[in-house]
Amino acid sequence: MGKIKVEDLLKSFISKYDFKAGVLPVKRLAGLKNDFKECLQKGFIDNKVYKSYLNGFSFKVPDDLKEAKSIIILGMARPQHRLNIDLGNRTIDAIIPPTYIDYRKIYRDVFKLLKKWFAADRYRLSRALLPLKLTAARSGLAEYGKNNIAYIGQWGSFHQLAGFYTDWKTIRDPWQEMKILDACKSCKLCTRICPTGAILEDRFNIDASRCLTFLNESKDDIPEWVKPGSHNSLVGCRRCQLVCPYNKKVKDWIVDIGKLSQEDIALLEESSKGKKKDPKLVNKLKSMGLYEWLDGVPILRNLRLLADK
């Protein structure tokens with residue numbers, strides 16, 4: 001008995017787990033590389049942004065799967081998350097945009113699920129270190145908003161992407177021009193509401209070096225020109241997503257993940273000074289899905305900025 005038609009195999013997978021998927025033949029790696037190179041050459045990607053986020057991409061098949069023939073790009077719905085924080089004199093609800101909570105864990109879990117699903121018919125997989133928004137847009141899975149965020153159907157921008165190589169050969173090649181959402185062509189809501197002026201009128205790519213998300217993920221000081229009232233999330237920024245008409249159905253989708261007490265905040269202060277993290281705090285943060293990015297993001301600084309706005 002031969003292998004199951006792989007398109008049917010993938011279709012049954014995304015149906016079971018309520019995912020969305022796009023597929024490209026591996027020959028399109030050259031096109032993805034050219035797209036990315038063009039953005040660099042035109043100066044659309046700031047050098048600091050490139051070094052912080054974008055210099056780890058690889059546009060060649062991985063060593064552990066030299067026989068790769070296709071690229072699978074998956075999308076899964078993700079909500080915002082709410083963290084209640086006790087400041088002593090008051091409590092605040094700190095909102096965290098989609099994808100920050102358990103990003104790497106969810107990526108690993110999806111990889112395991114897909115790997116197991118495909119292994120039943122002897123297909124192999126490897127993670128793809130590609131610009132996922134670009135790959136999703138070229139495959140037809142997603143379209144870009146004017147804010148350079150990828151949008152997928154009814155989920156809007158409330159989703160997470162994951163990319164993988166596989167050794168099966170797709171019979172389709174849906175490669176297409178990168179599309180901008182129809183309404184974006186005449187809508188200026190995100191441009192007007194962006195607190196740092198990162199969304200530009202004269203070009204498609206935003207100025208990511210001015211994006212509040214980039215600034216508050218960085219350990220560098222927040223520039224003085226950023227208005228204090230700009231801060232709206234514990235990390236990241238939600239302004240352009242919440243005002244976007246394409247997020248109308250999901251903008252109020254928020255999941256509570258728990259509470260940080262005054263004691264927790266004090267322990268975070270101690271660990272930020274280089275002291276060993278308290279095991280109970282570590283376990284608590286892991287259970288909330290916060291631990292992955294805690295060391296890389298100055299959470300206490302962002303909390304103070306959010307509390308003072």
# chains A, B, ... in the order shown; residues from 1 in each chain; ligands from 1
$ select_by_dssp --residues "range 115-168 of chain A" --states "helix (DSSP H, G or I)" --output "count of residues only"
16
$ residues_around --residues "Leu294 in chain A" --least-positions-apart "2" --cutoff "12 Å" --atoms "only C-alpha atoms" --output "PyMOL selection string"
chain A and resi 100-102+217-219+234-235+268+271-272+277+281-282+285-286+288-292+296-302
$ atom_distance --atom1 "CA of Phe118 in chain A" --atom2 "CA of Asp167 in chain A"
10.2 Å
$ residues_around --residues "Leu242 in chain A" --least-positions-apart "3" --cutoff "10 Å" --atoms "only C-alpha atoms" --output "compact mmCIF listing (two decimals) with C-alpha atoms, in the first residue's frame"
# COMPACT_ATOMS: atom_id res chain seq x y z
CA SER A 157 -3.50 39.20 13.52
CA CYS A 190 -3.26 52.29 12.40
CA ILE A 193 -2.92 55.68 16.28
CA CYS A 237 2.17 47.11 21.70
CA ARG A 238 -1.47 46.53 20.76
CA ARG A 239 -2.55 49.92 19.44
CA PRO A 245 -11.19 46.52 11.41
CA TYR A 246 -9.85 43.06 10.52
CA ASN A 247 -9.50 42.31 14.25
CA LYS A 248 -13.06 43.33 15.10
CA VAL A 250 -11.03 38.93 18.08
CA LYS A 251 -9.87 42.18 19.69
CA ASP A 252 -11.67 41.38 22.95
$ closest_residue --among "A:Gln241, A:Ser12, A:Ser261, A:Ser52" --to "Pro97 in chain A" --atoms "only C-alpha atoms"
A:Gln241
$ residues_around --residues "range 107-109 of chain A" --least-positions-apart "4" --cutoff "9 Å" --atoms "only C-alpha atoms" --output "MDAnalysis selection string"
chainID A and resid 102:103 113:114 160:163
$ write_last_selection --atoms "C-alpha atoms" --output "compact mmCIF listing (two decimals), in the first residue's frame"
# COMPACT_ATOMS: atom_id res chain seq x y z
CA ASP A 102 4.69 30.09 25.59
CA TYR A 103 5.79 30.97 22.04
CA LEU A 113 2.34 16.85 16.68
CA LEU A 114 3.09 17.31 12.99
CA GLN A 160 1.20 32.41 15.70
CA LEU A 161 3.14 31.07 12.73
CA ALA A 162 5.43 28.06 12.54
CA GLY A 163 7.45 26.81 9.59
